[in-house]
$ cat input.txt   # compact mmCIF, C-alpha atoms
# COMPACT_ATOMS: atom_id res chain seq x y z
CA MET Y 951 65.31 208.03 143.66
CA GLN Y 952 67.70 208.64 140.80
CA ASN Y 953 71.13 207.13 140.62
CA LEU Y 954 73.95 209.24 141.93
CA LEU Y 955 75.34 209.20 138.39
CA PRO Y 956 73.45 208.87 135.11
CA PRO Y 957 72.95 205.12 134.61
CA PRO Y 958 74.17 203.68 131.31
CA ALA Y 959 72.81 200.60 129.67
CA VAL Y 960 75.77 198.49 130.72
CA SER Y 961 77.37 197.57 134.03
CA SER Y 962 80.50 199.04 135.59
CA ASP Y 963 83.51 198.55 133.37
CA THR Y 964 86.79 200.17 132.46
CA ARG Y 965 88.20 201.45 129.21
CA ILE Y 966 91.78 201.80 130.38
CA PRO Y 967 94.09 198.94 131.46
CA ILE Y 968 94.09 199.72 135.17
CA HIS Y 969 94.12 196.06 136.10
CA ASP Y 970 92.93 192.82 134.62
CA TYR Y 971 90.94 191.61 137.60
CA PRO Y 972 89.85 188.00 137.90
CA SER Y 973 86.35 187.64 139.25
CA TYR Y 974 85.86 186.62 142.84
CA HIS Y 975 84.21 183.44 141.59
CA GLU Y 976 87.47 182.51 139.87
CA GLU Y 977 89.40 183.25 143.04
CA LEU Y 978 87.13 180.93 144.97
CA THR Y 979 88.17 178.03 142.80
CA THR Y 980 91.67 178.14 144.31
CA GLU Y 981 91.08 179.23 147.88
CA LYS Y 982 88.29 180.11 150.26
CA TYR Y 983 87.55 183.82 150.17
CA THR Y 984 87.33 185.79 153.40
CA PRO Y 985 87.43 189.54 153.93
CA LEU Y 986 91.02 189.15 155.14
CA LEU Y 987 92.44 187.56 152.04
CA GLY Y 988 93.91 189.45 149.15
CA THR Y 989 94.71 188.06 145.75
CA ASN Y 990 95.18 184.36 145.23
CA SER Y 991 98.48 182.62 144.72
CA SER Y 992 97.57 181.28 141.29
CA SER Y 993 97.59 184.69 139.60
CA SER Y 994 99.79 185.16 136.57
CA PRO Y 995 103.20 186.93 136.71
CA ALA Y 996 101.71 189.91 134.84
CA THR Y 997 98.92 190.19 137.41
CA ARG Y 998 101.41 189.99 140.28
CA ARG Y 999 103.54 192.72 138.68
CA SER Y 1000 100.48 194.92 138.28
CA LEU Y 1001 99.50 194.25 141.90
CA SER Y 1002 102.99 195.20 143.09
CA PHE Y 1003 102.83 198.37 141.01
CA TRP Y 1004 99.56 199.51 142.62
CA LEU Y 1005 100.71 198.62 146.14
CA ILE Y 1006 103.98 200.55 145.70
CA LEU Y 1007 102.08 203.49 144.21
CA TYR Y 1008 99.62 203.38 147.12
CA PHE Y 1009 102.54 203.32 149.55
CA CYS Y 1010 104.18 206.39 147.96
CA PHE Y 1011 100.97 208.44 147.73
CA ASN Y 1012 99.96 207.53 151.28
CA LEU Y 1013 103.33 208.46 152.75
CA GLY Y 1014 103.51 211.69 150.77
CA LEU Y 1015 100.00 212.82 151.70
CA THR Y 1016 100.48 212.02 155.41
CA LEU Y 1017 103.58 214.17 155.66
CA TYR Y 1018 102.11 216.86 153.41
CA ASN Y 1019 98.90 217.00 155.45
CA LYS Y 1020 100.86 217.45 158.68
CA GLY Y 1021 102.82 220.30 157.13
CA VAL Y 1022 99.66 221.91 155.74
CA LEU Y 1023 97.73 221.60 159.01
CA ILE Y 1024 100.48 223.48 160.84
CA HIS Y 1025 99.73 226.57 158.75
CA PHE Y 1026 96.13 225.73 157.76
CA PRO Y 1027 94.59 224.30 160.97
CA PHE Y 1028 91.18 223.53 159.50
CA PRO Y 1029 90.82 219.72 159.18
CA TYR Y 1030 87.19 219.68 158.00
CA THR Y 1031 87.88 222.24 155.29
CA LEU Y 1032 91.00 220.34 154.24
CA THR Y 1033 88.91 217.17 153.98
CA ALA Y 1034 86.33 219.07 151.91
CA LEU Y 1035 89.14 220.22 149.61
CA HIS Y 1036 90.21 216.60 149.12
CA ALA Y 1037 86.62 215.58 148.35
CA PHE Y 1038 86.17 218.52 145.97
CA CYS Y 1039 89.27 217.52 144.01
CA GLY Y 1040 87.99 213.95 143.93
CA THR Y 1041 84.64 215.15 142.59
CA ILE Y 1042 86.15 217.28 139.81
CA GLY Y 1043 88.72 214.65 138.88
CA GLY Y 1044 86.16 211.84 138.86
CA LEU Y 1045 83.73 213.78 136.68
CA ILE Y 1046 86.50 214.65 134.21
CA LEU Y 1047 87.48 210.98 133.97
CA LEU Y 1048 83.81 210.01 133.56
CA LYS Y 1049 83.31 212.55 130.75
CA ASN Y 1050 86.45 211.31 129.00
CA GLY Y 1051 85.10 207.75 129.04
CA THR Y 1052 87.75 206.42 131.42
CA PHE Y 1053 85.12 204.28 133.12
CA VAL Y 1054 81.42 203.52 132.80
CA PRO Y 1055 79.32 203.93 135.97
CA ALA Y 1056 77.27 201.00 137.17
CA GLN Y 1057 73.47 200.99 137.03
CA LEU Y 1058 72.33 200.70 140.63
CA THR Y 1059 69.01 200.27 142.41
CA ASP Y 1060 67.60 202.66 145.00
CA ALA Y 1061 68.70 200.27 147.75
CA ASP Y 1062 72.22 200.22 146.33
CA ASN Y 1063 72.30 204.02 146.29
CA LEU Y 1064 71.14 204.18 149.90
CA ALA Y 1065 73.96 201.82 150.86
CA LEU Y 1066 76.44 204.09 149.08
CA VAL Y 1067 75.08 207.15 150.90
CA ALA Y 1068 75.58 205.33 154.20
CA PHE Y 1069 79.09 204.34 153.13
CA SER Y 1070 79.83 207.96 152.19
CA VAL Y 1071 79.20 208.97 155.81
CA LEU Y 1072 81.80 206.43 156.93
CA TYR Y 1073 84.10 207.61 154.13
CA THR Y 1074 83.80 211.23 155.28
CA VAL Y 1075 84.04 210.59 159.01
CA ASN Y 1076 87.10 208.39 158.49
CA ILE Y 1077 88.99 211.12 156.62
CA ALA Y 1078 87.82 213.88 158.94
CA VAL Y 1079 88.75 211.97 162.12
CA SER Y 1080 92.17 211.16 160.64
CA ASN Y 1081 92.83 214.82 159.82
CA VAL Y 1082 91.51 216.05 163.18
CA SER Y 1083 93.62 213.54 165.12
CA LEU Y 1084 96.68 214.34 163.00
CA HIS Y 1085 96.24 217.96 164.04
CA MET Y 1086 96.21 216.94 167.74
CA VAL Y 1087 99.10 214.45 167.86
CA THR Y 1088 102.54 214.06 166.35
CA VAL Y 1089 103.06 212.12 163.13
CA PRO Y 1090 105.03 209.25 164.81
CA PHE Y 1091 102.30 208.74 167.41
CA HIS Y 1092 99.56 208.94 164.78
CA GLN Y 1093 101.23 206.45 162.44
CA VAL Y 1094 102.29 203.92 165.08
CA VAL Y 1095 98.78 203.71 166.54
CA ARG Y 1096 97.31 203.30 163.05
CA ALA Y 1097 99.77 200.45 162.50
CA ALA Y 1098 97.45 198.40 164.72
CA ALA Y 1099 94.91 198.28 161.86
CA PRO Y 1100 95.47 194.52 161.18
CA ILE Y 1101 94.20 193.79 164.69
CA PHE Y 1102 90.94 195.59 163.99
CA ILE Y 1103 90.69 193.96 160.54
CA ILE Y 1104 90.77 190.52 162.17
CA LEU Y 1105 88.38 191.43 165.00
CA LEU Y 1106 85.91 193.05 162.61
CA SER Y 1107 86.02 190.06 160.27
CA ILE Y 1108 85.22 187.77 163.19
CA PHE Y 1109 82.37 190.02 164.27
CA LEU Y 1110 80.93 190.68 160.80
CA PHE Y 1111 81.49 187.33 159.07
CA GLY Y 1112 82.53 184.84 161.73
CA THR Y 1113 85.84 184.21 159.98
CA ARG Y 1114 88.76 183.00 162.08
CA SER Y 1115 92.42 183.78 161.49
CA SER Y 1116 95.16 181.18 161.94
CA ASN Y 1117 97.20 180.84 165.12
CA HIS Y 1118 100.32 181.94 163.25
CA LYS Y 1119 98.61 185.13 162.19
CA MET Y 1120 97.29 185.89 165.69
CA VAL Y 1121 100.71 185.34 167.28
CA SER Y 1122 102.32 187.67 164.76
CA LEU Y 1123 100.11 190.47 166.06
CA VAL Y 1124 101.59 190.28 169.58
CA PRO Y 1125 104.67 192.40 168.75
CA VAL Y 1126 102.40 194.87 166.96
CA MET Y 1127 100.27 195.39 170.07
CA ALA Y 1128 103.34 195.50 172.35
CA GLY Y 1129 105.03 197.91 169.97
CA VAL Y 1130 102.10 200.30 170.04
CA GLY Y 1131 102.23 200.30 173.85
CA PHE Y 1132 105.97 201.02 174.00
CA ALA Y 1133 105.85 203.55 171.19
CA THR Y 1134 103.18 205.63 172.94
CA TYR Y 1135 104.81 205.41 176.40
CA GLY Y 1136 106.10 208.59 178.04
CA ASP Y 1137 106.17 212.14 176.72
CA TYR Y 1138 105.17 211.58 173.12
CA SER Y 1139 103.28 214.80 172.44
CA TYR Y 1140 99.67 213.67 172.48
CA THR Y 1141 96.52 214.51 174.41
CA THR Y 1142 93.87 212.13 175.72
CA SER Y 1143 91.40 213.37 173.12
CA GLY Y 1144 94.08 213.01 170.45
CA LEU Y 1145 94.74 209.42 171.54
CA LEU Y 1146 91.04 208.51 171.50
CA LEU Y 1147 90.50 210.12 168.10
CA THR Y 1148 93.54 208.34 166.66
CA ILE Y 1149 92.26 204.97 167.88
CA LEU Y 1150 88.79 205.78 166.55
CA GLY Y 1151 90.33 206.74 163.20
CA THR Y 1152 92.16 203.40 163.09
CA VAL Y 1153 88.94 201.47 163.71
CA LEU Y 1154 87.10 203.51 161.07
CA ALA Y 1155 89.93 202.97 158.58
CA ALA Y 1156 89.70 199.20 159.14
CA ILE Y 1157 85.93 199.24 158.61
CA LYS Y 1158 86.28 201.39 155.48
CA THR Y 1159 88.95 199.08 154.06
CA ILE Y 1160 86.73 196.01 154.50
CA TYR Y 1161 83.63 197.76 153.17
CA THR Y 1162 85.51 199.16 150.16
CA SER Y 1163 86.62 195.66 149.23
CA ILE Y 1164 83.04 194.35 149.61
CA LEU Y 1165 81.53 197.10 147.44
CA GLN Y 1166 83.98 196.30 144.65
CA SER Y 1167 83.58 192.53 144.88
CA THR Y 1168 81.32 190.29 142.82
CA PRO Y 1169 78.24 188.66 144.40
CA SER Y 1170 78.68 184.91 144.72
CA PRO Y 1171 76.75 182.12 146.49
CA THR Y 1172 80.01 181.00 148.11
CA SER Y 1173 80.87 184.42 149.51
CA PRO Y 1174 80.83 184.57 153.33
CA GLN Y 1175 77.49 185.78 154.59
CA PRO Y 1176 77.46 188.61 157.15
CA ARG Y 1177 76.14 187.91 160.61
CA VAL Y 1178 74.32 191.25 160.73
CA HIS Y 1179 73.15 192.14 157.22
CA PHE Y 1180 72.14 195.76 157.82
CA VAL Y 1181 75.68 196.83 158.82
CA VAL Y 1182 77.42 195.29 155.79
CA PRO Y 1183 77.12 196.89 152.32
CA PRO Y 1184 76.10 194.85 149.25
CA ARG Y 1185 78.60 193.49 146.74
CA LEU Y 1186 78.16 195.86 143.78
CA ARG Y 1187 81.28 195.12 141.70
CA LEU Y 1188 81.95 198.85 141.37
CA HIS Y 1189 84.94 200.07 139.41
CA PRO Y 1190 87.37 201.99 141.69
CA LEU Y 1191 86.86 205.25 139.81
CA ASP Y 1192 83.10 204.73 139.85
CA LEU Y 1193 83.16 204.33 143.62
CA LEU Y 1194 85.37 207.40 144.04
CA THR Y 1195 83.17 209.57 141.81
CA ARG Y 1196 80.08 208.59 143.78
CA MET Y 1197 81.68 209.12 147.20
CA ALA Y 1198 83.52 212.40 146.66
CA PRO Y 1199 80.59 214.82 146.13
CA LEU Y 1200 78.71 213.34 149.10
CA ALA Y 1201 81.84 213.66 151.25
CA PHE Y 1202 82.31 217.28 150.11
CA ILE Y 1203 78.76 218.25 151.16
CA GLN Y 1204 79.11 216.48 154.50
CA CYS Y 1205 82.49 218.09 155.29
CA ILE Y 1206 81.25 221.58 154.46
CA PHE Y 1207 78.28 220.95 156.75
CA LEU Y 1208 80.61 219.84 159.58
CA ALA Y 1209 82.85 222.86 159.02
CA TYR Y 1210 79.79 225.12 159.27
CA LEU Y 1211 78.48 223.46 162.45
CA THR Y 1212 81.84 223.76 164.22
CA GLY Y 1213 82.37 227.36 163.16
CA GLU Y 1214 85.41 226.40 161.10
CA LEU Y 1215 84.13 228.11 157.94
CA SER Y 1216 84.14 231.53 159.60
CA ARG Y 1217 87.70 230.94 160.82
CA VAL Y 1218 88.71 229.90 157.32
CA HIS Y 1219 87.24 233.13 155.96
CA THR Y 1220 89.25 235.16 158.49
CA TRP Y 1221 92.42 233.20 157.69
CA SER Y 1222 91.91 233.57 153.94
CA SER Y 1223 91.60 237.35 154.14
CA VAL Y 1224 95.10 237.54 155.63
CA GLU Y 1225 97.02 234.39 154.68
CA MET Y 1226 95.64 233.29 151.31
CA THR Y 1227 98.55 234.16 149.06
CA PRO Y 1228 99.11 232.64 145.60
CA VAL Y 1229 101.79 230.40 147.12
CA ASN Y 1230 99.46 229.09 149.85
CA ALA Y 1231 96.65 228.57 147.34
CA THR Y 1232 99.02 226.58 145.12
CA LEU Y 1233 100.19 224.45 148.05
CA LEU Y 1234 96.58 223.68 149.02
CA GLY Y 1235 95.75 222.83 145.41
CA ILE Y 1236 98.71 220.43 145.18
CA ASN Y 1237 97.57 218.84 148.44
CA GLY Y 1238 94.12 218.26 146.93
CA LEU Y 1239 95.62 216.73 143.77
CA ILE Y 1240 97.75 214.34 145.83
CA ALA Y 1241 94.64 213.34 147.81
CA PHE Y 1242 92.80 212.69 144.54
CA GLY Y 1243 95.67 210.52 143.34
CA LEU Y 1244 95.72 208.62 146.61
CA ASN Y 1245 91.98 207.94 146.37
CA ILE Y 1246 92.34 206.48 142.86
CA VAL Y 1247 95.34 204.38 143.85
CA SER Y 1248 93.76 203.31 147.17
CA PHE Y 1249 90.48 202.08 145.63
CA THR Y 1250 92.30 200.34 142.77
CA ALA Y 1251 94.89 198.68 145.02
CA ASN Y 1252 92.16 197.60 147.47
CA ARG Y 1253 90.26 195.88 144.67
CA ALA Y 1254 93.39 194.20 143.36
CA ALA Y 1255 95.05 193.25 146.65
CA GLY Y 1256 92.33 193.02 149.30
CA PRO Y 1257 92.08 194.57 152.77
CA LEU Y 1258 94.89 192.60 154.42
CA SER Y 1259 97.54 193.43 151.84
CA MET Y 1260 96.50 197.06 152.08
CA THR Y 1261 97.10 197.10 155.84
CA VAL Y 1262 100.53 195.54 155.34
CA ALA Y 1263 101.43 198.25 152.80
CA SER Y 1264 100.11 200.84 155.24
CA ASN Y 1265 102.30 199.45 158.02
CA VAL Y 1266 105.40 199.83 155.87
CA LYS Y 1267 104.32 203.41 155.25
CA GLN Y 1268 103.91 204.00 159.01
CA VAL Y 1269 107.59 203.25 159.57
CA LEU Y 1270 108.89 205.68 156.99
CA SER Y 1271 106.40 208.29 158.18
CA VAL Y 1272 107.89 208.11 161.67
CA PHE Y 1273 111.48 208.52 160.54
CA CYS Y 1274 110.62 211.22 158.00
CA ALA Y 1275 108.60 213.14 160.59
CA VAL Y 1276 111.46 212.98 163.10
CA ILE Y 1277 113.71 214.63 160.50
CA LEU Y 1278 111.23 217.06 158.93
CA PHE Y 1279 109.47 218.27 162.09
CA LYS Y 1280 112.51 217.96 164.45
CA LEU Y 1281 110.83 215.56 166.84
CA THR Y 1282 112.59 213.46 169.46
CA ILE Y 1283 111.93 209.85 170.46
CA THR Y 1284 113.12 208.00 173.56
CA PRO Y 1285 114.76 204.55 173.51
CA THR Y 1286 111.46 203.09 174.75
CA ASN Y 1287 109.59 204.73 171.86
CA ALA Y 1288 112.23 203.43 169.43
CA LEU Y 1289 111.81 199.90 170.83
CA GLY Y 1290 108.05 200.19 170.30
CA ILE Y 1291 108.54 201.30 166.71
CA LEU Y 1292 110.94 198.40 166.11
CA LEU Y 1293 108.47 195.89 167.58
CA THR Y 1294 105.67 197.27 165.41
CA ILE Y 1295 107.85 197.00 162.32
CA THR Y 1296 108.85 193.44 163.21
CA GLY Y 1297 105.25 192.45 163.82
CA GLY Y 1298 104.17 193.93 160.49
CA ILE Y 1299 106.89 192.04 158.60
CA TRP Y 1300 106.09 188.80 160.43
CA TYR Y 1301 102.39 189.29 159.69
CA ALA Y 1302 103.13 189.79 155.98
CA ALA Y 1303 105.32 186.66 155.91
CA VAL Y 1304 102.58 184.56 157.55
CA GLU Y 1305 100.01 185.83 155.06
CA TYR Y 1306 102.29 184.99 152.15
CA GLN Y 1307 102.92 181.45 153.46
CA GLU Y 1308 99.22 180.84 154.09
CA LYS Y 1309 98.29 181.90 150.58
CA ARG Y 1310 100.79 179.39 149.25
CA GLY Y 1311 99.12 176.71 151.40
CA ARG Y 1312 102.07 176.01 153.67
CA TRP Y 1313 100.48 177.03 156.97
CA ARG Y 1314 96.86 176.24 157.73
CA SER Y 1315 96.71 176.03 161.52
$ encode --input "input.txt" --output "structure tokens"
Amino acid sequence: MQNLLPPPAVSSDTRIPIHDYPSYHEELTTEKYTPLLGTNSSSSPATRRSLSFWLILYFCFNLGLTLYNKGVLIHFPFPYTLTALHAFCGTIGGLILLKNGTFVPAQLTDADNLALVAFSVLYTVNIAVSNVSLHMVTVPFHQVVRAAAPIFIILLSIFLFGTRSSNHKMVSLVPVMAGVGFATYGDYSYTTSGLLLTILGTVLAAIKTIYTSILQSTPSPTSPQPRVHFVVPPRLRLHPLDLLTRMAPLAFIQCIFLAYLTGELSRVHTWSSVEMTPVNATLLGINGLIAFGLNIVSFTANRAAGPLSMTVASNVKQVLSVFCAVILFKLTITPTNALGILLTITGGIWYAAVEYQEKRGRWRS
């Protein structure tokens, strides 16, 4: 089996200053690595500034694409095709960057490529489920439920690696869980299938976040060993752009196949014959470019910050998504829903504060 990209004579590397990453072996000299930890507290000020830059950029792209997707899906109700558009833009953008020498793809074995193909299925299903559920529920409901991602991150880390979170961290998740319950109480414009798909999308997003971090990490004898090896990908030390360029074409093929199976492609053809104006084509193209930007920023920030920090940044984004959606889409929320949102926000902030203190070695219970 050939590599998904032409293998060079050297390993994955970068030719632009995206981030000066320390190796995971170096991180292990200051603290024990687990899938829940992000960067270590001993990083330099320049590294911390770069980390903050990527997290803020991730936050902005994520918020923008969520609101943009909701607006697009109102007039273009084809989630699989929209996902295929995102993957297509990722493919073209990644290949352009590869040709320009922005990064050098890693030389992988057949087993490594099979692992990436399996990961691409998760990558595709995660995006597709998110877009499908977003089409079935309101933005506030969608974002508040997805704010429970830290819970699934912790549970999955226990299941996959046997790692245990501190008591402080577990307690901080109580308001998050209570907030999700209050926020989804009452008439909140969702269906049972929409609820189930949104929860499934949250679980898949947590799995993808952990697996993305693993694929970009460096193999080390001191790395936590998975309990079930066949469900955890190998540590390939892939550059973020390398990973994106390998995933996008596979995701595109898979999404087109799903769109064909569900009959969505024929509906897209009918819609295009009537509604595909230059303005709509431009709006869809901009949506694809934003998705490409989010993929670059997401993979890079995940490698720099780690899964936990990514979920915290996502939770901050959930809050603004709710308030922006209430204004943009003229939605209403009850006092109970507002209390749930407030509890979720509080839990997310508390969770971030606990993580910060633990990284500085102040809390270890």
$ atom_distance --input "input.txt" --atom1 "CA of Ile1164 (chain Y)" --atom2 "CA of Gln1057 (chain Y)"
17.1 Å
$ closest_residue --input "input.txt" --among "Y:Pro1171, Y:Gly1131, Y:Pro1027, Y:Pro1055" --to "Arg1217 (chain Y)" --atoms "only C-alpha atoms"
Y:Pro1027
$ atom_distance --input "input.txt" --atom1 "CA of Pro1169 (chain Y)" --atom2 "CA of Arg1185 (chain Y)"
5.4 Å
$ residues_near_point --input "input.txt" --point "(85.1, 201.3, 141.4)" --cutoff "9 Å" --atoms "all atoms listed in the file" --output "number ranges by chain"
Y: 962-963, 1053, 1055-1056, 1165-1166, 1187-1195, 1249-1250, 1253
$ closest_atom_pairs --input "input.txt" --of "region 1283-1305 of chain Y" --to "region 1095-1102 of chain Y" --cutoff "12 Å" --atoms "all atoms listed in the file" --output "CSV"
residue,atom,partner,partner_atom,distance
Y:Gly1290,CA,Y:Val1095,CA,10.6
Y:Ile1291,CA,Y:Ala1097,CA,9.8
Y:Leu1292,CA,Y:Ala1097,CA,11.9
Y:Leu1293,CA,Y:Ala1097,CA,11.1
Y:Thr1294,CA,Y:Ala1097,CA,7.3
Y:Ile1295,CA,Y:Ala1097,CA,8.8
Y:Thr1296,CA,Y:Ala1097,CA,11.5
Y:Gly1297,CA,Y:Ala1097,CA,9.8
Y:Gly1298,CA,Y:Ala1097,CA,8.1
Y:Ile1299,CA,Y:Ala1097,CA,11.7
Y:Tyr1301,CA,Y:Pro1100,CA,8.8
Y:Ala1302,CA,Y:Pro1100,CA,10.4
Y:Glu1305,CA,Y:Pro1100,CA,11.6
$ residues_around --input "input.txt" --residues "Asn1230 (chain Y)" --least-positions-apart "2" --cutoff "12 Å" --atoms "only C-alpha atoms" --output "count of residues only"
18
$ atom_distance --input "input.txt" --atom1 "CA of Cys1205 (chain Y)" --atom2 "CA of Ala1078 (chain Y)"
7.7 Å
$ closest_residue --input "input.txt" --among "Y:Val1126, Y:Val1304, Y:Val1181, Y:Ala1251" --to "Tyr1008 (chain Y)" --atoms "only C-alpha atoms"
Y:Ala1251
$ closest_residue --input "input.txt" --among "Y:Thr1141, Y:Thr1074, Y:Asn1063, Y:Ser1122" --to "Pro1199 (chain Y)" --atoms "all atoms listed in the file"
Y:Thr1074
$ closest_residue --input "input.txt" --among "Y:Leu1150, Y:Leu1105, Y:Pro1125, Y:Ser1070" --to "His1092 (chain Y)" --atoms "only C-alpha atoms"
Y:Leu1150
$ decode --input "input.txt" --residues "region 1085-1104 of chain Y" --atoms "N, CA, C and O atoms" --output "PDB file, in the first residue's frame"
ATOM      1  N   HIS Y1085     -28.631  21.093  12.154  1.00  0.00           N
ATOM      2  CA  HIS Y1085     -29.791  21.337  11.287  1.00  0.00           C
ATOM      3  C   HIS Y1085     -31.099  20.990  12.006  1.00  0.00           C
ATOM      4  O   HIS Y1085     -32.171  21.483  11.640  1.00  0.00           O
ATOM      5  N   MET Y1086     -31.021  20.158  13.069  1.00  0.00           N
ATOM      6  CA  MET Y1086     -32.227  19.663  13.736  1.00  0.00           C
ATOM      7  C   MET Y1086     -32.532  20.364  15.047  1.00  0.00           C
ATOM      8  O   MET Y1086     -33.623  20.196  15.603  1.00  0.00           O
ATOM      9  N   VAL Y1087     -31.572  21.116  15.585  1.00  0.00           N
ATOM     10  CA  VAL Y1087     -31.766  21.800  16.864  1.00  0.00           C
ATOM     11  C   VAL Y1087     -31.338  23.249  16.720  1.00  0.00           C
ATOM     12  O   VAL Y1087     -30.708  23.636  15.738  1.00  0.00           O
ATOM     13  N   THR Y1088     -31.665  24.046  17.735  1.00  0.00           N
ATOM     14  CA  THR Y1088     -31.238  25.439  17.725  1.00  0.00           C
ATOM     15  C   THR Y1088     -29.774  25.547  18.130  1.00  0.00           C
ATOM     16  O   THR Y1088     -29.215  24.645  18.764  1.00  0.00           O
ATOM     17  N   VAL Y1089     -29.158  26.665  17.778  1.00  0.00           N
ATOM     18  CA  VAL Y1089     -27.751  26.873  18.120  1.00  0.00           C
ATOM     19  C   VAL Y1089     -27.519  26.861  19.630  1.00  0.00           C
ATOM     20  O   VAL Y1089     -26.571  26.217  20.114  1.00  0.00           O
ATOM     21  N   PRO Y1090     -28.343  27.554  20.458  1.00  0.00           N
ATOM     22  CA  PRO Y1090     -28.102  27.500  21.916  1.00  0.00           C
ATOM     23  C   PRO Y1090     -28.123  26.081  22.461  1.00  0.00           C
ATOM     24  O   PRO Y1090     -27.253  25.683  23.237  1.00  0.00           O
ATOM     25  N   PHE Y1091     -29.131  25.292  22.053  1.00  0.00           N
ATOM     26  CA  PHE Y1091     -29.215  23.913  22.522  1.00  0.00           C
ATOM     27  C   PHE Y1091     -27.983  23.117  22.086  1.00  0.00           C
ATOM     28  O   PHE Y1091     -27.375  22.400  22.878  1.00  0.00           O
ATOM     29  N   HIS Y1092     -27.622  23.259  20.822  1.00  0.00           N
ATOM     30  CA  HIS Y1092     -26.477  22.536  20.264  1.00  0.00           C
ATOM     31  C   HIS Y1092     -25.207  22.860  21.027  1.00  0.00           C
ATOM     32  O   HIS Y1092     -24.425  21.969  21.401  1.00  0.00           O
ATOM     33  N   GLN Y1093     -24.964  24.150  21.291  1.00  0.00           N
ATOM     34  CA  GLN Y1093     -23.711  24.561  21.908  1.00  0.00           C
ATOM     35  C   GLN Y1093     -23.654  24.228  23.393  1.00  0.00           C
ATOM     36  O   GLN Y1093     -22.597  23.875  23.912  1.00  0.00           O
ATOM     37  N   VAL Y1094     -24.783  24.338  24.087  1.00  0.00           N
ATOM     38  CA  VAL Y1094     -24.778  24.041  25.522  1.00  0.00           C
ATOM     39  C   VAL Y1094     -24.541  22.554  25.762  1.00  0.00           C
ATOM     40  O   VAL Y1094     -23.785  22.162  26.664  1.00  0.00           O
ATOM     41  N   VAL Y1095     -25.162  21.692  24.959  1.00  0.00           N
ATOM     42  CA  VAL Y1095     -24.930  20.250  25.109  1.00  0.00           C
ATOM     43  C   VAL Y1095     -23.471  19.918  24.816  1.00  0.00           C
ATOM     44  O   VAL Y1095     -22.837  19.137  25.533  1.00  0.00           O
ATOM     45  N   ARG Y1096     -22.908  20.528  23.778  1.00  0.00           N
ATOM     46  CA  ARG Y1096     -21.511  20.265  23.434  1.00  0.00           C
ATOM     47  C   ARG Y1096     -20.546  20.835  24.465  1.00  0.00           C
ATOM     48  O   ARG Y1096     -19.371  20.462  24.495  1.00  0.00           O
ATOM     49  N   ALA Y1097     -21.044  21.709  25.338  1.00  0.00           N
ATOM     50  CA  ALA Y1097     -20.202  22.226  26.414  1.00  0.00           C
ATOM     51  C   ALA Y1097     -19.880  21.148  27.444  1.00  0.00           C
ATOM     52  O   ALA Y1097     -19.005  21.339  28.299  1.00  0.00           O
ATOM     53  N   ALA Y1098     -20.580  20.011  27.366  1.00  0.00           N
ATOM     54  CA  ALA Y1098     -20.301  18.898  28.280  1.00  0.00           C
ATOM     55  C   ALA Y1098     -19.114  18.069  27.814  1.00  0.00           C
ATOM     56  O   ALA Y1098     -18.814  17.032  28.422  1.00  0.00           O
ATOM     57  N   ALA Y1099     -18.397  18.499  26.786  1.00  0.00           N
ATOM     58  CA  ALA Y1099     -17.263  17.740  26.254  1.00  0.00           C
ATOM     59  C   ALA Y1099     -16.206  17.384  27.309  1.00  0.00           C
ATOM     60  O   ALA Y1099     -15.659  16.276  27.261  1.00  0.00           O
ATOM     61  N   PRO Y1100     -15.868  18.281  28.273  1.00  0.00           N
ATOM     62  CA  PRO Y1100     -14.870  17.888  29.288  1.00  0.00           C
ATOM     63  C   PRO Y1100     -15.246  16.634  30.054  1.00  0.00           C
ATOM     64  O   PRO Y1100     -14.368  15.862  30.451  1.00  0.00           O
ATOM     65  N   ILE Y1101     -16.541  16.434  30.264  1.00  0.00           N
ATOM     66  CA  ILE Y1101     -16.982  15.221  30.970  1.00  0.00           C
ATOM     67  C   ILE Y1101     -16.590  13.987  30.175  1.00  0.00           C
ATOM     68  O   ILE Y1101     -16.049  13.010  30.720  1.00  0.00           O
ATOM     69  N   PHE Y1102     -16.844  14.022  28.888  1.00  0.00           N
ATOM     70  CA  PHE Y1102     -16.523  12.869  28.044  1.00  0.00           C
ATOM     71  C   PHE Y1102     -15.012  12.711  27.879  1.00  0.00           C
ATOM     72  O   PHE Y1102     -14.516  11.587  27.758  1.00  0.00           O
ATOM     73  N   ILE Y1103     -14.270  13.825  27.874  1.00  0.00           N
ATOM     74  CA  ILE Y1103     -12.811  13.748  27.812  1.00  0.00           C
ATOM     75  C   ILE Y1103     -12.275  12.963  29.004  1.00  0.00           C
ATOM     76  O   ILE Y1103     -11.428  12.062  28.869  1.00  0.00           O
ATOM     77  N   ILE Y1104     -12.783  13.272  30.189  1.00  0.00           N
ATOM     78  CA  ILE Y1104     -12.321  12.599  31.414  1.00  0.00           C
ATOM     79  C   ILE Y1104     -12.737  11.129  31.409  1.00  0.00           C
ATOM     80  O   ILE Y1104     -11.927  10.234  31.709  1.00  0.00           O
TER      81      ILE Y1104
END
